[in-house]
Amino acid sequence: MNEQTIQKTQTGALRRLTRTDEFGVLIPLIIIVAVTTVLRPAFLSVGNFSSMFTQLTFIALTALGASFPLMVGQVDISTGKVAGFAGIIMSSLVVDHGMDMFPAIVIAMAACLAVGVLNGVLVVYWKIPDFVATMGTLYMVGGARYLFVKGYQFSLATQESHKLVDVFDGRYFGMPIYVWIMVAIFAIVFVIIKKTLWGRRLLAVGDNREVAILSGIHADKMRVQAYIISAALSAVAGLLLTLDVGVGLPETGDGWEFRAIAGCVVGGVSLAGGKGSPLGVLIGISLVFVAENAIIFLGCPATMKVAVQGLLMAAAVLCDLYRQKRKVAA
Amino acid sequence: MMRLKERNERSGLGLKLLLTPEFGILIPILIVCVITTILKPNFLTWKYISSILVGSVFIGAATMGESLVIMAGEIDLSVGMNGCLAGVMCGIAASQWGLGLVPCVLICLLTGAVVGALNGVCVCYLGLSSWITTLATQFICQGLAVTISQGEPQSIASLGLSSVTRAKPLGLSWLFFVFVLLIVLLDVLIRRTRYGYSLRSVGGNQEASVMAGLNARRIKLIAFILAGTFAAVGGLFDTLNAGAANAAFGSGREFRAIICCAIGGISMTGGAGSAFGIALGVLLFHTLWYCLRILDVNTNLQLVLIGLILVLSVIMDIQRKRLEARKLV
């Protein structure tokens, strides 16, 4: 009798696990890894996976940022350019103006937060359609990045700031420091979204804005905050990449915005808003990277990489739609 | 009293004129031209003007398609890459399959229409959101175009069209006249046909038009198919102009097309727009682009300005709607 109940709760836990949104993303990831490994055993090597994991750090952070507006039912396509903006401002301040590293980082973050506020104000208070408004900032920030560029490279390594660059060259527990920073940020955001009142309110606004407003949530404020967080996390991603490379490049972050959104969508962030988890985003962006890597291992032409991204995204959205319909029916 | 009323009406008329999308665009075009002429006196010569007119057909074709989708209240991010894929298919048909002119053009337009239909089915019948669907097809088209062409230009010399595409009737190009013809056709489609009316009403208020008995899904599907076809026309223009199809054509064109629509008074929330506005929007965008280049403005500053103009024109559109609503109340 007792054993039976234990068994029951165990299967209950298992069932609950299989029903979470993250689990649904994990299955295709495992399938892709398994199929590619069977066909090309070299795929499943520690070297390949650790290099993939270090590469995806920056886009994963951008995707985490982009998931916030998506969770409240909006979209931000300026994230990639904001990442480049942060990196170039910081390196320009350090190299051109002889500033210390930390004030430079603070100023770069502040500039990017301002972009986030601008996005939020344009979309929420001026009621410009989200896609068009963030496209406007995409152009503005994208062009502004290059205005800092001078005729020479912003090499951070030659400055007295090299201590921080050295920290980024080292490895800790087998991974560069930015991977651990990313893991820490994901853990913090996970707790915020899943365990705090603010996180639940954010999802509530995305799920049904009117109901959220009626229950006393400042929906407009939450929506602006989502845009600010999106810009902030993208800026962190850009700063980390710039510190890692040691050179400030204006083209940092080009094309990240749509890969980030692809990662979010694959990771179960609903485009209708109200659903999403940082763990899902991490798995989703890993899936995008693993799939890209796998098709190269399988000998497909590398030019099909973009097309595979598109297919993955479409498939993920279709799955999401199917799941939502089933939930409503149940 | 009478005079006051008259003046009120007159100022109302002036405001109305200023806020009509078509007229509102003419002013910035004039300002841009005047400034450029002051800074560069030989600007107002036919050489520059014809170059602007001919250069705007490529974005123009994509913008026409984009405008239909935006009028229907959706968005299409695949117009650039869809056109690119269609152009590449045309080039492949000419250079590798050795087909003649008509089949090549048909293959090109058909490719665009098929991609557009795919977009339409996903959005209207499967219920996917339009920007994510068309983003996915953008990626797919891009990948396919590069893979099919293997990154090499596909020459269309076998069609023997070089004498036609290089001809300069009236100092312009035949492509420009085709474009003007298409704009006129689009104007007829939007303003004079039943489809045009239903398209705008679906974009303006989908629920109301469904209740009024319109088949919103079919109307939107047709808009997406037309958008794909117009995108293919853009790709065809590129290919004809360059004499070869190249997988690098049309990148970023979807954004520029959306900006042209916003400038041209196509309401970003759907429901309003005219072919005349589209033509002027394209013209303003291209004139600005061209003048900034003539004046040697920093390329990156150009991007900043374009972003600003996009945001400003959408804000103007929103203000216009607000004024109209106030008048109704």
# chains A, B, ... in the order shown; residues from 1 in each chain; ligands from 1

call {"tool": "select_by_dssp", "arguments": {"residues": "stretch 242-319 of chain B", "states": "alpha helix (DSSP H)", "output": "compact mmCIF listing (two decimals) with C-alpha atoms, in the first residue's frame"}}
result
# COMPACT_ATOMS: atom_id res chain seq x y z
CA ALA B 242 22.52 43.52 -63.62
CA ARG B 253 15.10 45.26 -48.65
CA GLU B 254 12.20 44.13 -46.45
CA PHE B 255 13.07 46.78 -43.87
CA ARG B 256 13.45 49.46 -46.50
CA ALA B 257 10.11 48.45 -48.01
CA ILE B 258 8.44 48.75 -44.61
CA ILE B 259 9.99 52.18 -44.14
CA CYS B 260 8.76 53.27 -47.58
CA CYS B 261 5.27 52.10 -46.62
CA ALA B 262 5.40 54.02 -43.35
CA ILE B 263 6.57 57.16 -45.12
CA ALA B 275 -0.80 53.43 -54.51
CA PHE B 276 -0.02 57.11 -55.07
CA GLY B 277 1.23 57.34 -51.49
CA ILE B 278 3.41 54.27 -51.99
CA ALA B 279 4.98 55.77 -55.10
CA LEU B 280 5.69 59.04 -53.29
CA GLY B 281 7.00 57.19 -50.24
CA VAL B 282 9.43 55.23 -52.36
CA LEU B 283 10.41 58.40 -54.17
CA LEU B 284 11.06 60.28 -50.92
CA PHE B 285 13.04 57.42 -49.45
CA HIS B 286 15.16 57.02 -52.54
CA THR B 287 15.62 60.76 -53.06
CA LEU B 288 16.79 61.10 -49.49
CA TRP B 289 19.11 58.12 -49.83
CA TYR B 290 20.52 59.50 -53.05
CA CYS B 291 20.91 63.08 -51.84
CA LEU B 292 22.66 61.97 -48.67
CA ARG B 293 25.05 60.04 -50.87
CA ILE B 294 25.64 62.96 -53.23
CA THR B 299 26.86 56.40 -44.36
CA ASN B 300 26.18 55.62 -40.74
CA LEU B 301 24.61 58.96 -40.07
CA GLN B 302 22.34 58.10 -42.99
CA LEU B 303 21.12 55.04 -41.08
CA VAL B 304 20.40 57.17 -38.00
CA LEU B 305 18.43 59.65 -40.11
CA ILE B 306 16.44 56.88 -41.76
CA GLY B 307 15.53 55.43 -38.38
CA LEU B 308 14.41 58.85 -37.20
CA ILE B 309 12.32 59.41 -40.32
CA LEU B 310 10.65 56.05 -39.86
CA VAL B 311 9.65 56.83 -36.29
CA LEU B 312 8.53 60.37 -37.18
CA SER B 313 6.39 59.25 -40.09
CA VAL B 314 4.64 56.64 -37.97
CA ILE B 315 4.04 59.21 -35.25
CA MET B 316 2.54 61.51 -37.90
CA ASP B 317 0.28 58.72 -39.05
CA ILE B 318 -0.91 58.16 -35.50
CA GLN B 319 -1.55 61.89 -35.04

call {"tool": "residues_around", "arguments": {"residues": "A:Val25", "least_positions_apart": "6", "cutoff": "10 Å", "atoms": "only C-alpha atoms", "output": "list in words"}}
result
Val266, Gly267, Gly268, Gly280, Val281, Ile283, Gly284, Leu287, Ala316 and Cys319 of chain A

call {"tool": "residues_around", "arguments": {"residues": "stretch 74-89 of chain A", "least_positions_apart": "3", "cutoff": "6 Å", "atoms": "only C-alpha atoms", "output": "PDB file with C-alpha atoms, in the first residue's frame"}}
result
ATOM      1  CA  PRO A  69       9.344  41.777 -24.314  1.00  0.00           C
ATOM      2  CA  LEU A  70       8.091  38.527 -25.853  1.00  0.00           C
ATOM      3  CA  SER A  92      35.775  54.111 -27.286  1.00  0.00           C
ATOM      4  CA  ALA A 108      27.816  52.138 -21.791  1.00  0.00           C
ATOM      5  CA  THR A 134      12.100  48.846 -32.548  1.00  0.00           C
ATOM      6  CA  LEU A 138      17.532  49.393 -34.807  1.00  0.00           C
ATOM      7  CA  GLY A 142      22.926  50.603 -35.779  1.00  0.00           C
ATOM      8  CA  ARG A 145      27.560  52.579 -33.439  1.00  0.00           C
ATOM      9  CA  SER A 234      21.864  42.719 -24.692  1.00  0.00           C
ATOM     10  CA  ALA A 235      24.304  45.359 -23.501  1.00  0.00           C
ATOM     11  CA  GLY A 238      27.935  43.003 -26.067  1.00  0.00           C
ATOM     12  CA  LEU A 239      30.242  44.089 -23.246  1.00  0.00           C
ATOM     13  CA  THR A 242      34.072  42.988 -26.402  1.00  0.00           C
ATOM     14  CA  GLY A 248      35.902  47.047 -29.732  1.00  0.00           C
ATOM     15  CA  PRO A 250      31.150  48.129 -34.202  1.00  0.00           C
ATOM     16  CA  THR A 252      29.443  43.139 -32.821  1.00  0.00           C
ATOM     17  CA  GLY A 253      25.930  41.802 -32.574  1.00  0.00           C
ATOM     18  CA  ASP A 254      24.927  42.124 -36.214  1.00  0.00           C
ATOM     19  CA  TRP A 256      21.893  38.517 -33.310  1.00  0.00           C
ATOM     20  CA  GLU A 257      18.408  39.923 -32.942  1.00  0.00           C
TER      21      GLU A 257
END

call {"tool": "interface_residues", "arguments": {"of": "chain A", "to": "chain B", "cutoff": "8 Å", "atoms": "only C-alpha atoms", "output": "PDB file with N, CA and C atoms, in the first residue's frame"}}
result
ATOM      1  N   TRP A 126       3.563  56.010 -26.883  1.00  0.00           N
ATOM      2  CA  TRP A 126       3.227  56.630 -28.166  1.00  0.00           C
ATOM      3  C   TRP A 126       2.497  55.678 -29.088  1.00  0.00           C
ATOM      4  N   ILE A 128       3.233  53.241 -31.047  1.00  0.00           N
ATOM      5  CA  ILE A 128       3.722  52.831 -32.359  1.00  0.00           C
ATOM      6  C   ILE A 128       3.783  51.304 -32.347  1.00  0.00           C
ATOM      7  N   PRO A 129       3.356  50.638 -33.422  1.00  0.00           N
ATOM      8  CA  PRO A 129       3.448  49.175 -33.436  1.00  0.00           C
ATOM      9  C   PRO A 129       4.869  48.728 -33.059  1.00  0.00           C
ATOM     10  N   VAL A 132       7.657  48.080 -35.719  1.00  0.00           N
ATOM     11  CA  VAL A 132       8.131  49.248 -36.451  1.00  0.00           C
ATOM     12  C   VAL A 132       8.970  50.152 -35.548  1.00  0.00           C
ATOM     13  N   ALA A 133       8.523  50.315 -34.292  1.00  0.00           N
ATOM     14  CA  ALA A 133       9.244  51.204 -33.381  1.00  0.00           C
ATOM     15  C   ALA A 133      10.654  50.679 -33.130  1.00  0.00           C
ATOM     16  N   MET A 135      12.272  48.722 -34.981  1.00  0.00           N
ATOM     17  CA  MET A 135      13.034  48.803 -36.224  1.00  0.00           C
ATOM     18  C   MET A 135      13.641  50.191 -36.374  1.00  0.00           C
ATOM     19  N   GLY A 136      12.891  51.209 -35.957  1.00  0.00           N
ATOM     20  CA  GLY A 136      13.432  52.561 -35.982  1.00  0.00           C
ATOM     21  C   GLY A 136      14.665  52.673 -35.107  1.00  0.00           C
ATOM     22  N   THR A 137      14.596  52.159 -33.867  1.00  0.00           N
ATOM     23  CA  THR A 137      15.768  52.239 -32.998  1.00  0.00           C
ATOM     24  C   THR A 137      16.887  51.353 -33.535  1.00  0.00           C
ATOM     25  N   LEU A 138      16.506  50.249 -34.196  1.00  0.00           N
ATOM     26  CA  LEU A 138      17.532  49.393 -34.807  1.00  0.00           C
ATOM     27  C   LEU A 138      18.385  50.199 -35.781  1.00  0.00           C
ATOM     28  N   TYR A 139      17.716  50.988 -36.621  1.00  0.00           N
ATOM     29  CA  TYR A 139      18.459  51.803 -37.576  1.00  0.00           C
ATOM     30  C   TYR A 139      19.276  52.876 -36.866  1.00  0.00           C
ATOM     31  N   MET A 140      18.632  53.547 -35.888  1.00  0.00           N
ATOM     32  CA  MET A 140      19.315  54.658 -35.223  1.00  0.00           C
ATOM     33  C   MET A 140      20.551  54.161 -34.480  1.00  0.00           C
ATOM     34  N   VAL A 141      20.364  53.117 -33.653  1.00  0.00           N
ATOM     35  CA  VAL A 141      21.494  52.597 -32.879  1.00  0.00           C
ATOM     36  C   VAL A 141      22.523  51.969 -33.811  1.00  0.00           C
ATOM     37  N   GLY A 142      22.020  51.262 -34.836  1.00  0.00           N
ATOM     38  CA  GLY A 142      22.926  50.603 -35.779  1.00  0.00           C
ATOM     39  C   GLY A 142      23.830  51.596 -36.479  1.00  0.00           C
ATOM     40  N   GLY A 143      23.286  52.768 -36.813  1.00  0.00           N
ATOM     41  CA  GLY A 143      24.127  53.772 -37.454  1.00  0.00           C
ATOM     42  C   GLY A 143      25.015  54.469 -36.446  1.00  0.00           C
ATOM     43  N   ALA A 144      24.468  54.732 -35.252  1.00  0.00           N
ATOM     44  CA  ALA A 144      25.216  55.475 -34.237  1.00  0.00           C
ATOM     45  C   ALA A 144      26.469  54.715 -33.801  1.00  0.00           C
ATOM     46  N   TYR A 146      28.593  53.221 -35.516  1.00  0.00           N
ATOM     47  CA  TYR A 146      29.749  53.470 -36.372  1.00  0.00           C
ATOM     48  C   TYR A 146      30.294  54.883 -36.216  1.00  0.00           C
ATOM     49  N   LEU A 147      29.502  55.768 -35.598  1.00  0.00           N
ATOM     50  CA  LEU A 147      29.968  57.144 -35.468  1.00  0.00           C
ATOM     51  C   LEU A 147      31.122  57.253 -34.475  1.00  0.00           C
ATOM     52  N   LEU A 271       4.756  33.597 -28.531  1.00  0.00           N
ATOM     53  CA  LEU A 271       4.723  34.920 -29.150  1.00  0.00           C
ATOM     54  C   LEU A 271       3.488  35.684 -28.730  1.00  0.00           C
ATOM     55  N   PRO A 301      25.406  21.485 -47.316  1.00  0.00           N
ATOM     56  CA  PRO A 301      26.148  22.705 -47.624  1.00  0.00           C
ATOM     57  C   PRO A 301      25.951  23.730 -46.509  1.00  0.00           C
ATOM     58  N   THR A 303      25.734  26.710 -46.602  1.00  0.00           N
ATOM     59  CA  THR A 303      24.840  27.806 -46.964  1.00  0.00           C
ATOM     60  C   THR A 303      23.406  27.522 -46.543  1.00  0.00           C
ATOM     61  N   MET A 304      23.107  26.250 -46.220  1.00  0.00           N
ATOM     62  CA  MET A 304      21.744  25.923 -45.812  1.00  0.00           C
ATOM     63  C   MET A 304      21.498  26.243 -44.342  1.00  0.00           C
ATOM     64  N   LYS A 305      22.543  26.714 -43.652  1.00  0.00           N
ATOM     65  CA  LYS A 305      22.441  26.986 -42.218  1.00  0.00           C
ATOM     66  C   LYS A 305      21.264  27.919 -41.915  1.00  0.00           C
ATOM     67  N   VAL A 306      21.168  28.986 -42.693  1.00  0.00           N
ATOM     68  CA  VAL A 306      20.105  29.969 -42.462  1.00  0.00           C
ATOM     69  C   VAL A 306      18.746  29.331 -42.676  1.00  0.00           C
ATOM     70  N   ALA A 307      18.656  28.523 -43.744  1.00  0.00           N
ATOM     71  CA  ALA A 307      17.377  27.911 -44.059  1.00  0.00           C
ATOM     72  C   ALA A 307      16.935  26.996 -42.925  1.00  0.00           C
ATOM     73  N   VAL A 308      17.900  26.254 -42.339  1.00  0.00           N
ATOM     74  CA  VAL A 308      17.561  25.360 -41.229  1.00  0.00           C
ATOM     75  C   VAL A 308      17.045  26.168 -40.042  1.00  0.00           C
ATOM     76  N   GLN A 309      17.685  27.309 -39.792  1.00  0.00           N
ATOM     77  CA  GLN A 309      17.190  28.191 -38.727  1.00  0.00           C
ATOM     78  C   GLN A 309      15.732  28.544 -38.948  1.00  0.00           C
ATOM     79  N   GLY A 310      15.417  28.912 -40.190  1.00  0.00           N
ATOM     80  CA  GLY A 310      14.043  29.290 -40.517  1.00  0.00           C
ATOM     81  C   GLY A 310      13.086  28.146 -40.286  1.00  0.00           C
ATOM     82  N   LEU A 311      13.470  26.951 -40.753  1.00  0.00           N
ATOM     83  CA  LEU A 311      12.601  25.787 -40.600  1.00  0.00           C
ATOM     84  C   LEU A 311      12.367  25.477 -39.126  1.00  0.00           C
ATOM     85  N   MET A 313      12.486  27.482 -36.638  1.00  0.00           N
ATOM     86  CA  MET A 313      11.639  28.491 -36.027  1.00  0.00           C
ATOM     87  C   MET A 313      10.170  28.217 -36.363  1.00  0.00           C
ATOM     88  N   ALA A 314       9.908  27.939 -37.649  1.00  0.00           N
ATOM     89  CA  ALA A 314       8.531  27.686 -38.060  1.00  0.00           C
ATOM     90  C   ALA A 314       7.987  26.465 -37.328  1.00  0.00           C
ATOM     91  N   VAL A 317       7.150  27.297 -33.698  1.00  0.00           N
ATOM     92  CA  VAL A 317       5.931  28.076 -33.507  1.00  0.00           C
ATOM     93  C   VAL A 317       4.707  27.207 -33.717  1.00  0.00           C
ATOM     94  N   LEU A 318       4.797  26.307 -34.702  1.00  0.00           N
ATOM     95  CA  LEU A 318       3.675  25.403 -34.946  1.00  0.00           C
ATOM     96  C   LEU A 318       3.421  24.533 -33.720  1.00  0.00           C
ATOM     97  N   LEU A 321       1.752  26.476 -31.018  1.00  0.00           N
ATOM     98  CA  LEU A 321       0.351  26.674 -31.338  1.00  0.00           C
ATOM     99  C   LEU A 321      -0.463  25.437 -30.980  1.00  0.00           C
TER     100      LEU A 321
END

call {"tool": "atom_distance", "arguments": {"atom1": "atom CA of A:Ser270", "atom2": "atom CA of A:Tyr322"}}
result
11.6 Å

call {"tool": "atom_distance", "arguments": {"atom1": "atom CA of A:His218", "atom2": "atom CA of A:Leu118"}}
result
18.5 Å

call {"tool": "atom_distance", "arguments": {"atom1": "atom CA of A:Lys275", "atom2": "atom CA of A:Val224"}}
result
17.8 Å

call {"tool": "closest_residue", "arguments": {"among": "B:Asn119, B:Gly112, B:Leu101, B:Leu172", "to": "B:Leu53", "atoms": "only C-alpha atoms"}}
result
B:Leu172

call {"tool": "residues_around", "arguments": {"residues": "B:Ser198", "least_positions_apart": "4", "cutoff": "8 Å", "atoms": "only C-alpha atoms", "output": "PyMOL selection string"}}
result
chain B and resi 194+202+209+214+219
